[in-house]
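Novice: Sharing a structure below in structure tokens format, with a few things to ask.
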Amino acid sequence: MDFYYPNFINDHWRIEGQIFFGDKNHFVDTAAKRFKLEEIVDFCRNKGLAFFDTSTAVRRLQDNASDKFLEVVESTDIKALLARLPHLKVIVTTGEKATETICSSLGIPDLPKVNTHVDIPHTVSRNGEPLFLYRLPSSSRAYPLAFDKKVEAYKEMFTFIHYIAKTTP
């Protein structure tokens with residue numbers, strides 16, 4: 001896998017395109033039916049967005065990626081990862097398994113509900129501000145939420161971390 005969310009039917013990069021460029025196809029090469037990797041990498045670098053898996057080894061219990069059929073064999077060392085990210089403001093998860101794994105790794109007692117955030121206990125950024133775990137809805141089309149509602153949720157998170165200005169209704 002060259003990058004995160006490479007599956008052409010996953011809407012992650014369409015959501016980001018809609019939020020930041022007003023065009024859900026901004027990162028889409030429609031003729032080739034693929035995403036524009038170079039533009040995505042440049043965008044992520046410029047915005048300071050980083051992606052990583054919460055687990056370094058998983059076992060698929062069925063022939064799909066559904067969280068309920070994934071077994072975490074080995075979790076990522078999240079604390080070590082945090083130590084290498086001095087400008088981190090928020091950790092964002094989009095699935096229940098990833099959220100459970102992060103909560104377990106960082107001693108977060110309760111899983112945040114979708115579209116909410118919680119403080120990460122005993123953890124602050126290098127500038128002394130608290131770090132948060134923010135849970136978003138999955139960008140998978142299998143997740144039963146309309147595209148526009150997903151865009152709204154992601155936009156709310158980007159507003160919360162001050163990546164975009166708050167808009168009035």
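By order of appearance in the structure tokens: chains A, B, ..., then residues from 1 within every chain, and ligands from 1 in the order shown.
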So which residues touch A:Thr54 within 7 Å, counting only C-alpha atoms, skipping near sequence neighbours fewer than 5 positions away, as a list in words?
Specialist: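 Near neighbours after the sequence-gap exclusion: Ser75, Thr76, Ala98, Thr101 and Ile102 of chain A.
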Novice: Keeping C-alpha atoms for every residue in the selection just given, could you write it to a file as a PDB file, in the first residue's frame?
Specialist:
ATOM      1  CA  SER A  75      -0.618  -3.008  18.839  1.00  0.00           C
ATOM      2  CA  THR A  76       1.493  -0.087  17.689  1.00  0.00           C
ATOM      3  CA  ALA A  98      -8.724   1.577  16.227  1.00  0.00           C
ATOM      4  CA  THR A 101      -6.711   0.059  20.635  1.00  0.00           C
ATOM      5  CA  ILE A 102      -5.782   3.722  21.226  1.00  0.00           C
TER       6      ILE A 102
END
Novice: Fewer than 2 positions away in the same chain doesn't count, so skip those; otherwise give me all residues within 10 Å of stretch 153-164 of chain A, counting only C-alpha atoms, as a compact mmCIF listing (two decimals) with N, CA, C and O atoms, in the first residue's frame.
Specialist:
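Printed below is out26.txt as written:
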# COMPACT_ATOMS: atom_id res chain seq x y z
N HIS A 12 -12.56 8.86 1.87
CA HIS A 12 -11.72 9.72 2.69
C HIS A 12 -11.16 10.92 1.91
O HIS A 12 -11.30 12.06 2.34
N ILE A 15 -13.77 13.40 0.90
CA ILE A 15 -14.18 14.24 2.03
C ILE A 15 -13.19 15.39 2.21
O ILE A 15 -13.57 16.55 2.33
N GLU A 16 -11.90 15.06 2.22
CA GLU A 16 -10.87 16.10 2.39
C GLU A 16 -10.89 17.08 1.21
O GLU A 16 -10.73 18.28 1.40
N GLN A 18 -13.48 17.92 -0.58
CA GLN A 18 -14.66 18.76 -0.42
C GLN A 18 -14.43 19.83 0.65
O GLN A 18 -14.77 21.00 0.45
N ILE A 19 -13.83 19.45 1.75
CA ILE A 19 -13.61 20.41 2.85
C ILE A 19 -12.61 21.49 2.47
O ILE A 19 -12.86 22.67 2.66
N PHE A 20 -11.47 21.09 1.95
CA PHE A 20 -10.38 22.05 1.74
C PHE A 20 -10.37 22.73 0.38
O PHE A 20 -9.76 23.79 0.22
N LYS A 47 -0.36 20.53 5.34
CA LYS A 47 -1.32 20.66 6.44
C LYS A 47 -0.78 20.06 7.74
O LYS A 47 -1.37 20.27 8.80
N GLY A 48 0.29 19.28 7.66
CA GLY A 48 0.80 18.63 8.86
C GLY A 48 -0.04 17.45 9.29
O GLY A 48 -0.16 17.16 10.48
N LYS A 89 -1.55 17.59 17.77
CA LYS A 89 -2.64 18.26 18.47
C LYS A 89 -3.74 17.29 18.85
O LYS A 89 -4.40 17.45 19.86
N VAL A 90 -3.95 16.32 17.97
CA VAL A 90 -5.09 15.42 18.17
C VAL A 90 -4.79 14.09 17.47
O VAL A 90 -4.11 14.05 16.45
N VAL A 92 -6.89 11.08 15.73
CA VAL A 92 -8.22 10.86 15.18
C VAL A 92 -8.35 9.39 14.78
O VAL A 92 -7.47 8.84 14.12
N VAL A 114 -18.83 8.49 18.28
CA VAL A 114 -18.54 9.10 16.99
C VAL A 114 -18.92 10.58 17.06
O VAL A 114 -19.95 10.95 17.65
N ASN A 115 -18.07 11.43 16.49
CA ASN A 115 -18.22 12.89 16.46
C ASN A 115 -17.99 13.56 17.82
O ASN A 115 -18.47 14.67 18.05
N THR A 116 -17.25 12.88 18.69
CA THR A 116 -16.88 13.50 19.97
C THR A 116 -15.40 13.30 20.21
O THR A 116 -14.74 12.55 19.50
N HIS A 117 -14.89 13.97 21.25
CA HIS A 117 -13.48 13.83 21.60
C HIS A 117 -13.35 13.72 23.12
O HIS A 117 -14.25 14.10 23.86
N PHE A 132 -5.90 15.37 22.51
CA PHE A 132 -7.24 14.81 22.46
C PHE A 132 -7.28 13.59 21.54
O PHE A 132 -6.50 13.49 20.59
N TYR A 134 -10.03 12.15 19.05
CA TYR A 134 -11.26 12.55 18.37
C TYR A 134 -11.71 11.38 17.51
O TYR A 134 -10.93 10.82 16.75
N ARG A 135 -12.98 11.02 17.62
CA ARG A 135 -13.50 9.89 16.85
C ARG A 135 -14.45 10.38 15.76
O ARG A 135 -15.42 11.06 16.04
N LEU A 136 -14.12 10.03 14.55
CA LEU A 136 -14.92 10.40 13.39
C LEU A 136 -15.65 9.18 12.83
O LEU A 136 -15.25 8.04 13.07
N PRO A 137 -16.68 9.42 12.02
CA PRO A 137 -17.31 8.29 11.34
C PRO A 137 -16.37 7.74 10.27
O PRO A 137 -15.52 8.46 9.74
N SER A 139 -14.97 6.64 6.76
CA SER A 139 -15.14 7.19 5.41
C SER A 139 -15.52 6.09 4.41
O SER A 139 -15.74 6.37 3.24
N PHE A 147 -22.68 11.04 2.52
CA PHE A 147 -21.41 11.73 2.26
C PHE A 147 -21.41 13.13 2.89
O PHE A 147 -20.44 13.51 3.56
N ASP A 148 -22.46 13.90 2.70
CA ASP A 148 -22.51 15.27 3.22
C ASP A 148 -22.43 15.29 4.75
O ASP A 148 -21.84 16.20 5.32
N LYS A 149 -23.00 14.30 5.39
CA LYS A 149 -22.94 14.22 6.87
C LYS A 149 -21.52 13.88 7.31
O LYS A 149 -21.05 14.36 8.34
N LYS A 150 -20.83 13.05 6.54
CA LYS A 150 -19.43 12.74 6.85
C LYS A 150 -18.58 14.00 6.68
O LYS A 150 -17.74 14.31 7.52
N VAL A 151 -18.81 14.74 5.61
CA VAL A 151 -18.08 15.98 5.38
C VAL A 151 -18.31 16.92 6.57
O VAL A 151 -17.36 17.53 7.09
N LYS A 166 -14.15 28.54 11.83
CA LYS A 166 -15.53 28.19 12.15
C LYS A 166 -16.45 28.99 11.24
O LYS A 166 -16.25 30.19 11.05
N THR A 167 -17.44 28.32 10.68
CA THR A 167 -18.39 29.00 9.82
C THR A 167 -19.70 29.14 10.54
O THR A 167 -20.07 28.31 11.37
Novice: List the spatial neighbours of stretch 36-40 of chain A as a PyMOL selection string - criterion: any atom at most 9 Å away, only C-alpha atoms, same-chain residues fewer than 4 positions off excluded.
Specialist: chain A and resi 2-3+6+13+26-29+44-45
Novice: What would the file look like if the residues just selected were written as a PDB file, in the first residue's frame with N, CA and C atoms?
Specialist:
ATOM      1  N   ASP A   2       0.683   2.125  -0.954  1.00  0.00           N
ATOM      2  CA  ASP A   2       1.499   3.331  -1.082  1.00  0.00           C
ATOM      3  C   ASP A   2       1.087   4.449  -0.123  1.00  0.00           C
ATOM      4  N   PHE A   3      -0.168   4.450   0.312  1.00  0.00           N
ATOM      5  CA  PHE A   3      -0.666   5.520   1.172  1.00  0.00           C
ATOM      6  C   PHE A   3      -1.945   5.050   1.857  1.00  0.00           C
ATOM      7  N   PRO A   6      -6.306   4.034   0.139  1.00  0.00           N
ATOM      8  CA  PRO A   6      -6.083   3.940  -1.308  1.00  0.00           C
ATOM      9  C   PRO A   6      -7.270   3.358  -2.082  1.00  0.00           C
ATOM     10  N   TRP A  13     -10.521  10.666   0.787  1.00  0.00           N
ATOM     11  CA  TRP A  13      -9.888  11.770   0.042  1.00  0.00           C
ATOM     12  C   TRP A  13     -10.919  12.653  -0.643  1.00  0.00           C
ATOM     13  N   HIS A  26     -11.238  16.661  -6.040  1.00  0.00           N
ATOM     14  CA  HIS A  26      -9.949  17.345  -6.110  1.00  0.00           C
ATOM     15  C   HIS A  26      -8.771  16.367  -6.148  1.00  0.00           C
ATOM     16  N   PHE A  27      -8.837  15.299  -5.370  1.00  0.00           N
ATOM     17  CA  PHE A  27      -7.750  14.316  -5.311  1.00  0.00           C
ATOM     18  C   PHE A  27      -8.017  13.093  -6.193  1.00  0.00           C
ATOM     19  N   VAL A  28      -9.012  13.171  -7.056  1.00  0.00           N
ATOM     20  CA  VAL A  28      -9.433  12.027  -7.867  1.00  0.00           C
ATOM     21  C   VAL A  28      -9.002  12.201  -9.315  1.00  0.00           C
ATOM     22  N   ASP A  29      -8.352  11.183  -9.834  1.00  0.00           N
ATOM     23  CA  ASP A  29      -8.066  11.110 -11.266  1.00  0.00           C
ATOM     24  C   ASP A  29      -9.213  10.282 -11.842  1.00  0.00           C
ATOM     25  N   CYS A  44      -0.949  16.671   2.559  1.00  0.00           N
ATOM     26  CA  CYS A  44      -0.723  16.214   3.935  1.00  0.00           C
ATOM     27  C   CYS A  44       0.513  16.871   4.546  1.00  0.00           C
ATOM     28  N   ARG A  45       1.573  16.989   3.774  1.00  0.00           N
ATOM     29  CA  ARG A  45       2.782  17.674   4.264  1.00  0.00           C
ATOM     30  C   ARG A  45       2.485  19.129   4.599  1.00  0.00           C
TER      31      ARG A  45
END
Novice: Excluding A:Glu100 and residues on its chain fewer than 2 positions from it, collect all residues at most 12 Å away from it, counting only C-alpha atoms, and give them as a PyMOL selection string.
Specialist: chain A and resi 54-55+67-68+71-72+75+93-98+102-113+133+135
Novice: How many Å separate atom CA of A:Leu131 from atom CA of A:Ala50?
Specialist: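 These atoms are spaced 15.2 Å apart.
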Novice: Based on the backbone DSSP call, show me all residues of chain A assigned strand (DSSP E or B), as a ChimeraX atom specification.
Specialist: /A:28-29,34-35,55-60,70-75,90-93,116-124,130-135
Novice: May I have the selected residues written with C-alpha atoms, as a PDB file, in the first residue's frame?
Specialist:
ATOM      1  CA  VAL A  28      -9.433  12.027  -7.867  1.00  0.00           C
ATOM      2  CA  ASP A  29      -8.066  11.110 -11.266  1.00  0.00           C
ATOM      3  CA  ARG A  34      -7.539   6.340  -8.819  1.00  0.00           C
ATOM      4  CA  PHE A  35      -6.406   8.972  -6.370  1.00  0.00           C
ATOM      5  CA  SER A  55      -1.857  -2.106  15.097  1.00  0.00           C
ATOM      6  CA  THR A  56       1.257  -3.525  13.516  1.00  0.00           C
ATOM      7  CA  ALA A  57      -0.242  -6.997  13.143  1.00  0.00           C
ATOM      8  CA  VAL A  58      -3.867  -8.047  12.760  1.00  0.00           C
ATOM      9  CA  ARG A  59      -5.606 -11.243  11.848  1.00  0.00           C
ATOM     10  CA  ARG A  60      -8.667 -11.195   9.613  1.00  0.00           C
ATOM     11  CA  LEU A  70     -10.319  -8.156  13.032  1.00  0.00           C
ATOM     12  CA  GLU A  71      -8.170  -9.468  15.847  1.00  0.00           C
ATOM     13  CA  VAL A  72      -5.338  -7.228  17.028  1.00  0.00           C
ATOM     14  CA  VAL A  73      -2.266  -9.440  17.312  1.00  0.00           C
ATOM     15  CA  GLU A  74       0.201  -6.628  18.015  1.00  0.00           C
ATOM     16  CA  SER A  75      -0.618  -3.008  18.839  1.00  0.00           C
ATOM     17  CA  VAL A  90      -5.087  15.421  18.167  1.00  0.00           C
ATOM     18  CA  ILE A  91      -5.294  11.711  17.407  1.00  0.00           C
ATOM     19  CA  VAL A  92      -8.222  10.857  15.177  1.00  0.00           C
ATOM     20  CA  THR A  93      -9.745   7.421  14.772  1.00  0.00           C
ATOM     21  CA  THR A 116     -16.884  13.498  19.970  1.00  0.00           C
ATOM     22  CA  HIS A 117     -13.484  13.829  21.605  1.00  0.00           C
ATOM     23  CA  VAL A 118     -11.891  13.055  24.973  1.00  0.00           C
ATOM     24  CA  ASP A 119      -8.741  14.222  26.717  1.00  0.00           C
ATOM     25  CA  ILE A 120      -5.833  11.807  26.626  1.00  0.00           C
ATOM     26  CA  PRO A 121      -4.921  11.459  30.328  1.00  0.00           C
ATOM     27  CA  HIS A 122      -1.426  12.420  31.509  1.00  0.00           C
ATOM     28  CA  THR A 123      -0.456  13.579  28.020  1.00  0.00           C
ATOM     29  CA  VAL A 124       0.263  17.065  26.740  1.00  0.00           C
ATOM     30  CA  PRO A 130      -3.755  18.856  26.255  1.00  0.00           C
ATOM     31  CA  LEU A 131      -3.909  16.185  23.572  1.00  0.00           C
ATOM     32  CA  PHE A 132      -7.238  14.807  22.457  1.00  0.00           C
ATOM     33  CA  LEU A 133      -8.600  11.648  20.918  1.00  0.00           C
ATOM     34  CA  TYR A 134     -11.262  12.550  18.369  1.00  0.00           C
ATOM     35  CA  ARG A 135     -13.502   9.890  16.848  1.00  0.00           C
TER      36      ARG A 135
END
Novice: Using DSSP assignments from the backbone, pull out every residue in stretch 54-146 of chain A that falls under alpha helix (DSSP H) and give it to me as a PyMOL selection string.
Specialist: chain A and resi 78-83+96-106
Novice: Those same residues, written as a compact mmCIF listing (two decimals), in the first residue's frame with N, CA and C atoms?
Specialist:
# COMPACT_ATOMS: atom_id res chain seq x y z
N ILE A 78 1.99 3.26 20.74
CA ILE A 78 1.46 4.62 20.57
C ILE A 78 2.26 5.63 21.37
N LYS A 79 2.64 5.29 22.59
CA LYS A 79 3.41 6.23 23.41
C LYS A 79 4.74 6.59 22.75
N ALA A 80 5.41 5.62 22.17
CA ALA A 80 6.67 5.89 21.47
C ALA A 80 6.41 6.76 20.23
N LEU A 81 5.32 6.50 19.56
CA LEU A 81 4.96 7.29 18.39
C LEU A 81 4.68 8.75 18.79
N LEU A 82 3.96 8.95 19.89
CA LEU A 82 3.67 10.30 20.37
C LEU A 82 4.94 11.08 20.68
N ALA A 83 5.93 10.39 21.21
CA ALA A 83 7.20 11.04 21.56
C ALA A 83 7.91 11.57 20.32
N GLU A 96 -14.09 1.52 15.33
CA GLU A 96 -14.19 1.10 16.72
C GLU A 96 -12.94 0.35 17.18
N LYS A 97 -12.41 -0.52 16.33
CA LYS A 97 -11.21 -1.29 16.71
C LYS A 97 -10.02 -0.36 16.94
N ALA A 98 -9.81 0.62 16.06
CA ALA A 98 -8.72 1.58 16.23
C ALA A 98 -8.93 2.40 17.50
N THR A 99 -10.16 2.79 17.75
CA THR A 99 -10.47 3.58 18.95
C THR A 99 -10.22 2.75 20.21
N GLU A 100 -10.66 1.51 20.21
CA GLU A 100 -10.41 0.62 21.36
C GLU A 100 -8.91 0.46 21.59
N THR A 101 -8.16 0.27 20.52
CA THR A 101 -6.71 0.06 20.63
C THR A 101 -6.02 1.29 21.21
N ILE A 102 -6.36 2.47 20.71
CA ILE A 102 -5.78 3.72 21.23
C ILE A 102 -6.15 3.91 22.70
N CYS A 103 -7.42 3.71 23.03
CA CYS A 103 -7.86 3.88 24.41
C CYS A 103 -7.12 2.94 25.34
N SER A 104 -6.96 1.71 24.94
CA SER A 104 -6.23 0.73 25.75
C SER A 104 -4.77 1.14 25.91
N SER A 105 -4.14 1.57 24.83
CA SER A 105 -2.72 1.96 24.85
C SER A 105 -2.45 3.18 25.72
N LEU A 106 -3.40 4.12 25.74
CA LEU A 106 -3.17 5.40 26.41
C LEU A 106 -3.94 5.56 27.73
